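Accompanying notes for the structure given below.
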Amino acid sequence: MGITRTLDVNEVLARQESGELKRRLRARDLVGFGVGIIIGTGIFTLAGVEAKTHAGPAVTLSFVIGAVVAGFAALCYAELASSVPTAGSAYTYAFATLGEVFAWIIGWDLLLEFALGAAVVSRGWSGYLANLLGLPQQWFGEDATVNVGAVAIIAILTVIAVLGIRESARLTNILVLVKVAVCVLIVAVGVFFIKGANLTPFIPPAQPSEGGAGVLHQPVVQAGLGLEQSVFGIGGVISAAAIVFFAYTGFEALANLGEETRNPRKDLRIGILGALGICALLYVGVSLVLTGMVPFTDIDEGAPLAAAFDSVGQHWVSALISLGAVTGLTSVMMVELVTIGRIGFAMGRDGLLPKPIGTTHPRWGTPHRMTIGGAVVIALLAAFVPITELSDMVSIGALSAMAIVAIAVPVLRRKRPDLNRPFKVPLSPVLPVVAALACFYLMLNLDVLTWIRFAVWLALGLVLYFAYGRRHSRLASKE
Ligand SMILES: NC(=[NH2+])NCCC[C@H](N)C(=O)O
């Protein structure tokens, strides 16, 4: 069978009983983890930047498009997570349906998404904290030689992630309450300052992009079809949708908590769909308020929301927004670290990564080796590399995993029609196929450079697989 050997679903289900990870989470913890990782720089920064540069007031529409695509993908995740609960999420689903080499590539892709996600966000966090408390830019800002703030927060959260899933959930829940309250406040106060004039025309007419971006910075669809480069108009709304999709990524992390949820068959789907629904509503509200308060050409690209409230004299709101951003980004990193541990754990258990990684701490019941190892890599990246611009790599990683998960839904239905599925995606295979195509289309709207970097990462992954995983796989010894 070689590189396309598959993992038996019954074996995955049997691991439910292994008790290595601790079942401590309820539905509301999952919703907390979900909202915890979803709301972050996407809404606090990207919404403003994209309104100004690509979509105008129609950035709200970009958020709606993002919500629909993410929603379709989330339905697919909900079906697989509730019928095959596991710590490996997309990696394990691919192993059970498409085969080992695909599983490895998805696992490798997920490691990129979550490690880079944590690293990118930790630098943003450090910058926000410096602004909030007036800390020195040379240690906390984007130009820091060693970004001390980013390293410190990763170190602290790693300790909590290793100590236990319950502890991680408690901290996340508190942080989430603060950030959701801030988002609600933004909408509740902001509506009173919306001016109709700022929202018209809702979709500014398309115009050629200034000076033309180099080919590396063009969306692949434009570069590939040799289209004239333009911004605004419908094309601009779609490019912005691809960029702000970053704001929705991360909900997939919940699918990695299948072995820690008390009642995975019911609670995982509540977590996935509930968290995404809450965030989509908040995003649409916040982006509408932002573009309604300020003419889109005047939006501040550094701190769009805080500046909008300052411009209407509501300084108290802008102070709370910074607080919301710092707490919000803290919870994003908390969930990223928890997730990295589970992905590596699942891959180690199957022998595709060294086996000790696939075991948990005898006392704390957490995959401590992978959590700490992952955190070291994240901290090194965040300390030395100005990676903020790599957020598109997180999005391409997330979108490709979502596309594969969508395809895995009808494949598993065929392969294992008998499986107990507590939740089923409606209209399969049509909806999953549309979901996969939509993810792929958004990927095509990311720029050429992002694709090149992504291809290099996957190629590196393949080399590692053939050098290590293929021979060390647990399935290799069975053949
Ligand atoms: N694993 C990830 N996809 N991490 C990135 C999460 C980013 C988060 N949605 C935000 O807007 O900041």
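Residue numbering restarts at 1 in every chain; chains get A, B, ... in the order shown in the structure tokens, and ligands count up from 1 in that same order.
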Per-residue nearest contacts chain A to ligand 1, cut-off 9 Å, using only C-alpha atoms and all ligand atoms, as JSON lines:
{"residue": "A:Val35", "atom": "CA", "partner": "ligand 1", "partner_atom_place_in_ligand_line": "9 (N)", "distance": 8.8}
{"residue": "A:Gly36", "atom": "CA", "partner": "ligand 1", "partner_atom_place_in_ligand_line": "8 (C)", "distance": 8.7}
{"residue": "A:Ile37", "atom": "CA", "partner": "ligand 1", "partner_atom_place_in_ligand_line": "6 (C)", "distance": 5.7}
{"residue": "A:Ile38", "atom": "CA", "partner": "ligand 1", "partner_atom_place_in_ligand_line": "9 (N)", "distance": 3.8}
{"residue": "A:Ile39", "atom": "CA", "partner": "ligand 1", "partner_atom_place_in_ligand_line": "11 (O)", "distance": 5.0}
{"residue": "A:Gly40", "atom": "CA", "partner": "ligand 1", "partner_atom_place_in_ligand_line": "12 (O)", "distance": 3.2}
{"residue": "A:Thr41", "atom": "CA", "partner": "ligand 1", "partner_atom_place_in_ligand_line": "12 (O)", "distance": 3.8}
{"residue": "A:Gly42", "atom": "CA", "partner": "ligand 1", "partner_atom_place_in_ligand_line": "11 (O)", "distance": 3.4}
{"residue": "A:Ile43", "atom": "CA", "partner": "ligand 1", "partner_atom_place_in_ligand_line": "11 (O)", "distance": 6.0}
{"residue": "A:Phe44", "atom": "CA", "partner": "ligand 1", "partner_atom_place_in_ligand_line": "11 (O)", "distance": 7.8}
{"residue": "A:Thr45", "atom": "CA", "partner": "ligand 1", "partner_atom_place_in_ligand_line": "11 (O)", "distance": 8.7}
{"residue": "A:Leu46", "atom": "CA", "partner": "ligand 1", "partner_atom_place_in_ligand_line": "11 (O)", "distance": 8.2}
{"residue": "A:Leu110", "atom": "CA", "partner": "ligand 1", "partner_atom_place_in_ligand_line": "1 (N)", "distance": 7.9}
{"residue": "A:Leu111", "atom": "CA", "partner": "ligand 1", "partner_atom_place_in_ligand_line": "1 (N)", "distance": 8.8}
{"residue": "A:Leu112", "atom": "CA", "partner": "ligand 1", "partner_atom_place_in_ligand_line": "1 (N)", "distance": 8.5}
{"residue": "A:Glu113", "atom": "CA", "partner": "ligand 1", "partner_atom_place_in_ligand_line": "1 (N)", "distance": 5.1}
{"residue": "A:Phe114", "atom": "CA", "partner": "ligand 1", "partner_atom_place_in_ligand_line": "1 (N)", "distance": 4.0}
{"residue": "A:Ala115", "atom": "CA", "partner": "ligand 1", "partner_atom_place_in_ligand_line": "1 (N)", "distance": 7.4}
{"residue": "A:Leu116", "atom": "CA", "partner": "ligand 1", "partner_atom_place_in_ligand_line": "4 (N)", "distance": 7.4}
{"residue": "A:Gly117", "atom": "CA", "partner": "ligand 1", "partner_atom_place_in_ligand_line": "4 (N)", "distance": 3.9}
{"residue": "A:Ala118", "atom": "CA", "partner": "ligand 1", "partner_atom_place_in_ligand_line": "4 (N)", "distance": 6.4}
{"residue": "A:Val120", "atom": "CA", "partner": "ligand 1", "partner_atom_place_in_ligand_line": "5 (C)", "distance": 8.1}
{"residue": "A:Val121", "atom": "CA", "partner": "ligand 1", "partner_atom_place_in_ligand_line": "12 (O)", "distance": 6.6}
{"residue": "A:Val244", "atom": "CA", "partner": "ligand 1", "partner_atom_place_in_ligand_line": "11 (O)", "distance": 8.0}
{"residue": "A:Phe245", "atom": "CA", "partner": "ligand 1", "partner_atom_place_in_ligand_line": "9 (N)", "distance": 8.0}
{"residue": "A:Phe246", "atom": "CA", "partner": "ligand 1", "partner_atom_place_in_ligand_line": "9 (N)", "distance": 5.4}
{"residue": "A:Ala247", "atom": "CA", "partner": "ligand 1", "partner_atom_place_in_ligand_line": "11 (O)", "distance": 3.3}
{"residue": "A:Tyr248", "atom": "CA", "partner": "ligand 1", "partner_atom_place_in_ligand_line": "9 (N)", "distance": 4.8}
{"residue": "A:Thr249", "atom": "CA", "partner": "ligand 1", "partner_atom_place_in_ligand_line": "3 (N)", "distance": 4.2}
{"residue": "A:Gly250", "atom": "CA", "partner": "ligand 1", "partner_atom_place_in_ligand_line": "3 (N)", "distance": 3.8}
{"residue": "A:Phe251", "atom": "CA", "partner": "ligand 1", "partner_atom_place_in_ligand_line": "3 (N)", "distance": 7.6}
{"residue": "A:Glu252", "atom": "CA", "partner": "ligand 1", "partner_atom_place_in_ligand_line": "1 (N)", "distance": 7.9}
{"residue": "A:Ala253", "atom": "CA", "partner": "ligand 1", "partner_atom_place_in_ligand_line": "1 (N)", "distance": 7.2}
{"residue": "A:Gly328", "atom": "CA", "partner": "ligand 1", "partner_atom_place_in_ligand_line": "12 (O)", "distance": 8.6}
{"residue": "A:Leu329", "atom": "CA", "partner": "ligand 1", "partner_atom_place_in_ligand_line": "12 (O)", "distance": 6.9}
{"residue": "A:Val332", "atom": "CA", "partner": "ligand 1", "partner_atom_place_in_ligand_line": "6 (C)", "distance": 6.4}
{"residue": "A:Met333", "atom": "CA", "partner": "ligand 1", "partner_atom_place_in_ligand_line": "4 (N)", "distance": 8.1}
{"residue": "A:Val335", "atom": "CA", "partner": "ligand 1", "partner_atom_place_in_ligand_line": "1 (N)", "distance": 8.5}
{"residue": "A:Glu336", "atom": "CA", "partner": "ligand 1", "partner_atom_place_in_ligand_line": "1 (N)", "distance": 6.0}
{"residue": "A:Thr339", "atom": "CA", "partner": "ligand 1", "partner_atom_place_in_ligand_line": "1 (N)", "distance": 8.4}
{"residue": "A:Ser391", "atom": "CA", "partner": "ligand 1", "partner_atom_place_in_ligand_line": "5 (C)", "distance": 7.7}
{"residue": "A:Val394", "atom": "CA", "partner": "ligand 1", "partner_atom_place_in_ligand_line": "3 (N)", "distance": 5.6}
{"residue": "A:Ser395", "atom": "CA", "partner": "ligand 1", "partner_atom_place_in_ligand_line": "3 (N)", "distance": 6.6}
{"residue": "A:Gly397", "atom": "CA", "partner": "ligand 1", "partner_atom_place_in_ligand_line": "3 (N)", "distance": 8.0}
{"residue": "A:Ala398", "atom": "CA", "partner": "ligand 1", "partner_atom_place_in_ligand_line": "3 (N)", "distance": 6.1}
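Considering only segment 130-327 of chain A, backbone DSSP assigns strand (DSSP E) to Gln207, Pro208, Ser230 and Val231 of chain A.
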Could you tell me which of A:Thr97, A:Asn147, A:Gln138, A:Ser311 comes closest to Val294 of chain A if we count only C-alpha atoms?
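Among the listed residues, the smallest separation from Val294 of chain A belongs to A:Ser311.
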Distance query segment 87-95 of chain A at most 7 Å, only C-alpha atoms, self and fewer than 6 positions along chain excluded, as a PyMOL selection string
chain A and resi 6-7+102-104+106-107+255-259+342-343+346+401+405+408
Let me make sure I understand: among A:Leu135, A:Val433, A:Val338, A:Ala379, which one has the smallest atom-to-atom distance to Ser168 of chain A if we use only C-alpha atoms?
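Closest candidate: A:Val338.
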